[in-house]
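Participant: Please find query_3.cif (mmCIF, C-alpha atoms) on the next line:
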```cif
data_work
#
loop_
_atom_site.label_atom_id
_atom_site.label_comp_id
_atom_site.auth_asym_id
_atom_site.auth_seq_id
_atom_site.Cartn_x
_atom_site.Cartn_y
_atom_site.Cartn_z
CA MET A 136 2.34 16.30 -4.02
CA PHE A 137 5.40 14.54 -5.35
CA TRP A 138 7.86 16.89 -7.00
CA LYS A 139 11.62 16.94 -7.36
CA ARG A 140 13.22 19.25 -4.83
CA LYS A 141 14.19 22.61 -6.34
CA PRO A 142 17.91 23.48 -6.36
CA ASP A 143 17.37 26.43 -4.02
CA SER A 144 15.30 24.46 -1.49
CA PRO A 145 16.80 23.69 1.94
CA GLU A 146 18.97 20.60 2.09
CA PRO A 147 17.19 17.52 3.52
CA GLU A 148 19.89 17.23 6.19
CA ALA A 149 18.85 20.61 7.66
CA ASP A 150 15.78 19.12 9.41
CA LEU A 151 17.23 15.66 10.04
CA PRO A 152 17.52 15.98 13.86
CA ASP A 153 13.86 17.03 14.13
CA LEU A 154 12.75 14.19 11.85
CA LYS A 155 14.74 11.65 13.88
CA ALA A 156 13.29 12.95 17.14
CA GLU A 157 9.74 12.86 15.78
CA THR A 158 10.23 9.31 14.47
CA GLU A 159 11.54 8.17 17.86
CA ARG A 160 8.56 9.80 19.57
CA ARG A 161 6.12 8.01 17.26
CA ILE A 162 7.89 4.69 17.76
CA GLU A 163 7.63 5.09 21.53
CA SER A 164 3.93 5.99 21.28
CA ALA A 165 3.14 3.13 18.90
CA THR A 166 5.06 0.68 21.11
CA GLN A 167 2.99 1.70 24.15
CA MET A 168 -0.24 1.34 22.18
CA HIS A 169 0.83 -2.06 20.82
CA GLU A 170 1.57 -3.30 24.33
CA SER A 171 -1.76 -1.92 25.59
CA MET A 172 -3.74 -3.63 22.81
CA CYS A 173 -1.93 -6.92 23.49
CA LEU A 174 -2.86 -6.70 27.18
CA LYS A 175 -6.47 -6.03 26.21
CA SER A 176 -6.43 -8.98 23.75
CA ASN A 177 -7.47 -6.62 20.96
CA LYS A 178 -5.88 -8.62 18.14
CA ASN A 179 -6.86 -6.35 15.23
CA ALA A 180 -5.56 -3.19 16.88
CA ALA A 181 -2.40 -4.96 18.06
CA ASN A 182 -1.69 -6.16 14.51
CA TRP A 183 -2.21 -2.63 13.18
CA TYR A 184 0.28 -1.11 15.63
CA HIS A 185 2.73 -3.95 14.94
CA SER A 186 2.54 -3.16 11.22
CA LEU A 187 2.94 0.56 11.92
CA LEU A 188 6.04 -0.10 14.02
CA PHE A 189 7.58 -2.15 11.20
CA TYR A 190 7.35 0.81 8.85
CA LEU A 191 8.38 3.37 11.44
CA TYR A 192 11.57 1.39 12.02
CA SER A 193 12.09 1.36 8.24
CA VAL A 194 11.75 5.15 8.17
CA GLN A 195 14.13 5.43 11.12
CA LYS A 196 16.69 3.34 9.26
CA ILE A 197 16.47 5.67 6.26
CA LEU A 198 16.92 8.74 8.48
CA GLU A 199 19.96 7.24 10.15
CA GLN A 200 21.76 6.92 6.84
CA LYS A 201 24.26 9.66 6.05
CA SER A 202 22.28 10.75 3.00
CA TYR A 203 19.30 9.58 1.04
CA GLN A 204 18.21 9.90 -2.57
CA VAL A 205 14.98 11.49 -3.75
CA SER A 206 13.23 9.39 -6.38
CA LEU A 207 12.17 11.31 -9.49
CA VAL A 208 8.89 9.37 -9.62
CA PRO A 209 6.83 7.97 -6.72
CA ARG A 210 8.42 4.75 -5.43
CA TYR A 211 6.02 2.28 -3.82
CA VAL A 212 7.74 -0.08 -1.38
CA PHE A 213 5.71 -3.12 -0.30
CA SER A 214 6.39 -5.75 2.33
CA SER A 215 6.14 -9.25 0.81
CA MET A 216 4.10 -10.18 3.90
CA LEU A 217 1.53 -7.48 3.08
CA VAL A 218 1.36 -8.66 -0.55
CA ALA A 219 0.66 -12.21 0.66
CA GLU A 220 -1.97 -10.88 3.11
CA ILE A 221 -3.76 -9.05 0.28
CA PHE A 222 -3.71 -12.18 -1.88
CA ASP A 223 -5.21 -14.29 0.92
CA TYR A 224 -7.92 -11.66 1.48
CA LEU A 225 -8.89 -11.52 -2.21
CA ASP A 226 -8.69 -15.27 -2.80
CA ASP A 227 -11.53 -16.17 -0.45
CA GLY A 228 -12.47 -19.54 -1.97
CA THR A 229 -15.02 -18.22 -4.47
CA PRO A 230 -14.59 -17.58 -8.23
CA ASP A 231 -15.87 -14.02 -7.80
CA GLU A 232 -13.93 -10.79 -8.07
CA LYS A 233 -13.19 -8.80 -4.94
CA PHE A 234 -11.26 -5.63 -4.13
CA CYS A 235 -9.62 -3.83 -1.22
CA TYR A 236 -7.58 -0.72 -0.48
CA CYS A 237 -4.29 -0.12 1.31
CA THR A 238 -3.09 2.87 3.28
CA GLY A 239 0.30 3.50 4.88
CA ILE A 240 3.20 5.95 5.02
CA ILE A 241 4.18 8.70 2.58
CA ASP A 242 7.77 9.93 2.86
CA LYS A 243 7.70 13.16 0.87
CA ARG A 244 11.43 13.80 1.27
CA THR A 245 12.40 10.66 -0.64
CA ASN A 246 9.20 10.41 -2.71
CA THR A 247 8.66 6.96 -1.20
CA ILE A 248 5.25 5.46 -0.43
CA MET A 249 5.00 2.45 1.89
CA PRO A 250 1.60 0.68 1.98
CA ALA A 251 1.14 -0.86 5.42
CA LYS A 252 -2.52 -1.65 6.15
CA LEU A 253 -5.25 -3.49 4.23
CA LEU A 254 -8.73 -1.93 4.20
CA GLY A 255 -11.65 -4.10 3.08
CA PRO A 256 -14.96 -2.37 2.32
CA ASP A 257 -18.06 -4.50 1.82
CA MET A 258 -19.06 -5.60 -1.70
CA SER A 259 -22.58 -5.02 -3.08
CA VAL A 260 -22.12 -7.04 -6.29
CA ARG A 261 -19.68 -9.90 -6.92
CA ASN A 262 -19.41 -12.32 -9.82
CA PRO A 263 -16.50 -13.86 -11.80
CA GLY A 264 -16.35 -10.90 -14.19
CA TYR A 265 -17.46 -7.88 -12.17
CA VAL A 266 -17.35 -6.40 -8.69
CA LYS A 267 -18.98 -3.34 -7.13
CA GLY A 268 -18.30 -2.02 -3.67
CA ASP A 269 -21.00 -1.00 -1.22
CA TRP A 270 -20.94 2.79 -1.29
CA SER A 271 -21.87 3.21 2.37
CA SER A 272 -19.01 0.94 3.42
CA ILE A 273 -16.57 2.68 1.06
CA HIS A 274 -17.62 6.07 2.47
CA THR A 275 -16.94 4.82 5.99
CA VAL A 276 -13.45 3.62 5.01
CA LEU A 277 -12.56 6.87 3.25
CA SER A 278 -13.93 9.00 6.10
CA GLU A 279 -11.78 7.09 8.57
CA LEU A 280 -8.72 7.73 6.41
CA ASP A 281 -9.50 11.45 6.44
CA GLU A 282 -9.89 11.43 10.23
CA TRP A 283 -6.42 9.86 10.61
CA HIS A 284 -4.90 12.15 7.91
CA HIS A 285 -4.09 9.09 5.81
CA ALA A 286 -4.67 8.43 2.11
CA MET A 287 -5.65 5.57 -0.15
CA LEU A 288 -2.35 4.34 -1.59
CA VAL A 289 -3.34 1.17 -3.47
CA GLN A 290 -6.53 -0.35 -4.83
CA CYS A 291 -6.18 -4.12 -5.26
CA HIS A 292 -8.55 -6.54 -6.93
CA MET A 293 -8.75 -10.12 -8.16
CA HIS A 294 -9.18 -11.02 -11.84
CA PRO A 295 -10.45 -14.36 -13.14
CA GLY A 296 -8.06 -16.59 -15.08
CA ALA A 297 -4.41 -17.36 -14.49
CA GLY A 298 -1.01 -16.27 -15.75
CA ALA A 299 0.52 -12.88 -16.44
CA ASP A 300 -1.83 -12.12 -19.35
CA SER A 301 -4.83 -12.20 -16.98
CA THR A 302 -3.41 -9.35 -14.89
CA HIS A 303 -3.73 -6.61 -17.53
CA PRO A 304 -6.14 -3.82 -16.48
CA SER A 305 -9.45 -3.61 -18.33
CA GLY A 306 -10.97 -0.44 -19.73
CA ILE A 307 -13.17 -0.26 -16.63
CA ASP A 308 -10.08 -0.57 -14.43
CA MET A 309 -8.38 2.30 -16.24
CA ARG A 310 -11.42 4.59 -16.10
CA ASN A 311 -11.83 3.84 -12.40
CA HIS A 312 -8.22 4.75 -11.72
CA GLN A 313 -8.41 8.03 -13.57
CA GLY A 314 -10.91 9.19 -10.97
CA LEU A 315 -8.98 7.75 -8.03
CA GLU A 316 -5.66 9.24 -9.14
CA ALA A 317 -7.24 12.70 -9.33
CA ASN A 318 -7.80 12.54 -5.56
CA TYR A 319 -5.27 10.11 -4.07
CA PRO A 320 -1.60 9.10 -4.54
CA VAL A 321 -2.92 5.68 -5.57
CA ILE A 322 -1.86 2.88 -7.90
CA GLY A 323 -3.64 -0.34 -8.82
CA ALA A 324 -2.69 -3.97 -8.24
CA ILE A 325 -4.37 -6.81 -10.11
CA PHE A 326 -4.03 -10.32 -8.66
CA VAL A 327 -4.93 -13.70 -10.18
CA ARG A 328 -5.29 -16.96 -8.30
CA ASP A 329 -2.02 -18.53 -9.46
CA GLY A 330 -0.15 -15.73 -7.64
CA HIS A 331 0.66 -13.29 -10.45
CA ILE A 332 0.35 -9.57 -9.62
CA ARG A 333 0.55 -6.56 -11.91
CA PHE A 334 0.84 -2.99 -10.59
CA PHE A 335 -0.55 -0.27 -12.86
CA SER A 336 -1.63 3.33 -13.13
CA ALA A 337 -3.95 5.15 -15.50
CA GLU A 338 -1.84 8.24 -16.01
CA LYS A 339 1.26 8.50 -13.83
CA GLU A 340 4.73 7.03 -13.76
CA PHE A 341 5.84 5.13 -10.67
CA GLU A 342 8.27 2.49 -9.45
CA VAL A 343 7.56 -0.61 -7.33
CA GLU A 344 9.83 -2.51 -4.94
CA ILE A 345 8.88 -5.48 -2.77
CA TYR A 346 10.85 -6.01 0.42
CA GLY A 347 11.35 -9.53 1.76
CA LYS A 348 11.14 -13.09 0.45
CA GLY A 349 8.26 -14.97 -1.12
CA VAL A 350 7.42 -12.59 -3.98
CA ARG A 351 9.52 -12.85 -7.14
CA LYS A 352 9.87 -10.14 -9.80
CA ILE A 353 8.97 -11.35 -13.31
CA ALA A 354 9.14 -8.08 -15.24
CA ASP A 355 8.65 -4.36 -14.64
CA LYS A 356 5.63 -4.05 -12.30
CA LEU A 357 4.87 -7.79 -12.68
CA TYR A 358 5.47 -10.18 -9.77
CA LEU A 359 4.65 -13.73 -8.66
CA ILE A 360 3.78 -14.85 -5.15
CA GLU A 361 5.63 -18.10 -4.59
CA ASN A 362 4.08 -20.98 -2.61
CA ASN A 363 0.74 -19.16 -2.46
CA HIS A 364 -1.27 -22.28 -1.62
#
```
Can I see the file as structure tokens?
Facilitator:
Amino acid sequence: MFWKRKPDSPEPEADLPDLKAETERRIESATQMHESMCLKSNKNAANWYHSLLFYLYSVQKILEQKSYQVSLVPRYVFSSMLVAEIFDYLDDGTPDEKFCYCTGIIDKRTNTIMPAKLLGPDMSVRNPGYVKGDWSSIHTVLSELDEWHHAMLVQCHMHPGAGADSTHPSGIDMRNHQGLEANYPVIGAIFVRDGHIRFFSAEKEFEVEIYGKGVRKIADKLYLIENNH
């Protein structure tokens, strides 16, 4: 899915007017839906369209630039607000592990992936050292992604312990991701309760950027959520 553009391929600028027009159309549609959901007091749907608009405007900004650079490896760009939202979802006041997924936007022209929405399937088993999702709930989540032509982009889970050393993926984590990465453009994110986060993959190279304040980079693919309590 993510390959460097061949030298004889059409220049990205060739389709720029169409891409700009399509982005503007989607912004207009999402704005109308956001306003409609607000009027109906549908908070969850309104928040979803608000998040979608944020990323559509980001895409529009990229398209308005004179030129843009294609990353040689997939580049995952997170909002610091989404990272904090994921942390709050996983840190639910218990010592048990928990996981969730994220979906969002894939910009094939720049090889950029922008997670935008948290998806939380039900858990069937939870304890401080192990978690297992409810398969029926997971199937429902994945089926909905297929219906919307979206993909799982990130799988996030909480580890016990604290500090950067507690964020390293286990053997189970790596085996799980080998299967996921065969079907989705997905990476993993391991959180611990003091705010450290490590992004990882079983087999592929990738880059991570976090947009906004409140999440500080410690090392390559290792970050810290500041003021997380």
Participant: Do you have, as a tab-separated table, the list of residues of range 176-272 of chain A lying at most 9 Å from range 313-326 of chain A, each with its nearest atom pair and that distance in Å to one decimal, counting only C-alpha atoms and ordered by chain then number?
Facilitator:
```
residue	atom	partner	partner_atom	distance
A:Pro209	CA	A:Pro320	CA	8.8
A:Tyr211	CA	A:Ile322	CA	8.9
A:Phe222	CA	A:Phe326	CA	7.0
A:Leu225	CA	A:Phe326	CA	8.2
A:Asp226	CA	A:Phe326	CA	9.0
A:Ile248	CA	A:Pro320	CA	8.8
```
Participant: Let me know the residues the PyMOL selection byres ((chain A and resi 346-361) around 9) catches in the file above, as a compact mmCIF listing (two decimals) with C-alpha atoms, in the coordinates of the input.
Facilitator:
```
# COMPACT_ATOMS: atom_id res chain seq x y z
CA VAL A 212 7.74 -0.08 -1.38
CA PHE A 213 5.71 -3.12 -0.30
CA SER A 214 6.39 -5.75 2.33
CA SER A 215 6.14 -9.25 0.81
CA MET A 216 4.10 -10.18 3.90
CA VAL A 218 1.36 -8.66 -0.55
CA ALA A 219 0.66 -12.21 0.66
CA PHE A 222 -3.71 -12.18 -1.88
CA ALA A 299 0.52 -12.88 -16.44
CA THR A 302 -3.41 -9.35 -14.89
CA ASP A 329 -2.02 -18.53 -9.46
CA GLY A 330 -0.15 -15.73 -7.64
CA HIS A 331 0.66 -13.29 -10.45
CA ILE A 332 0.35 -9.57 -9.62
CA ARG A 333 0.55 -6.56 -11.91
CA PHE A 334 0.84 -2.99 -10.59
CA PHE A 335 -0.55 -0.27 -12.86
CA GLU A 342 8.27 2.49 -9.45
CA VAL A 343 7.56 -0.61 -7.33
CA GLU A 344 9.83 -2.51 -4.94
CA ILE A 345 8.88 -5.48 -2.77
CA ASN A 362 4.08 -20.98 -2.61
CA ASN A 363 0.74 -19.16 -2.46
CA HIS A 364 -1.27 -22.28 -1.62
```
Participant: I need the residue set behind the PyMOL selection byres ((chain A and resi 183) around 12) for this file; please write it as a PyMOL selection string.
Facilitator: chain A and resi 165-166+168-170+172-173+177-182+184-190+217+238-239+251-254
Participant: What does the distance between CA of Gly255 in chain A and CA of Tyr236 in chain A come to in Å, to one decimal place?
Facilitator: 6.4 Å
Participant: Between CA of Tyr192 in chain A and CA of Arg160 in chain A, what distance in Å does the model show, to one decimal?
Facilitator: 11.7 Å
Participant: On this file, the PyMOL selection byres ((chain A and resi 261) around 10) gives some set of residues; write that set as a list of chain:residue names.
Facilitator: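 This file, filtered by the PyMOL selection byres ((chain A and resi 261) around 10), leaves A:Thr229, A:Pro230, A:Asp231, A:Glu232, A:Lys233, A:Phe234, A:Met258, A:Ser259, A:Val260, A:Asn262, A:Pro263, A:Gly264, A:Tyr265, A:Val266, A:Lys267, A:Gly268.
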Participant: Expressed in Å to a single decimal, how great is the separation between CA of Lys175 in chain A and CA of Ile162 in chain A?
Facilitator: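 CA of Ile162 in chain A lies 19.8 Å from CA of Lys175 in chain A.
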Participant: Counting only C-alpha atoms, which residue out of A:Ser206, A:Lys155, A:Arg161, A:Leu198 sits closest to Glu340 in chain A?
Facilitator: A:Ser206
Participant: With all atoms listed in the file as the basis for distance, which of A:Met287, A:Thr275, A:Thr247, A:Val205 is at the shortest distance from Cys235 in chain A?
Facilitator: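 The shortest atom-to-atom distance to Cys235 in chain A comes from A:Met287.
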Participant: Kindly compute an axis-aligned box around the listed atoms of range 249-268 of chain A, allowing 8 Å on each side, and express its centre and edge lengths in Å to one decimal as AutoDock Vina command-line options.
Facilitator:
```
--center_x -8.8 --center_y -5.7 --center_z -4.0 --size_x 43.6 --size_y 32.3 --size_z 36.3
```
Participant: May I ask which of the residues A:Ser305, A:Ser272, A:Gln195, A:Asn246 is the closest one to Phe341 in chain A, counting all atoms listed in the file?
Facilitator: A:Asn246
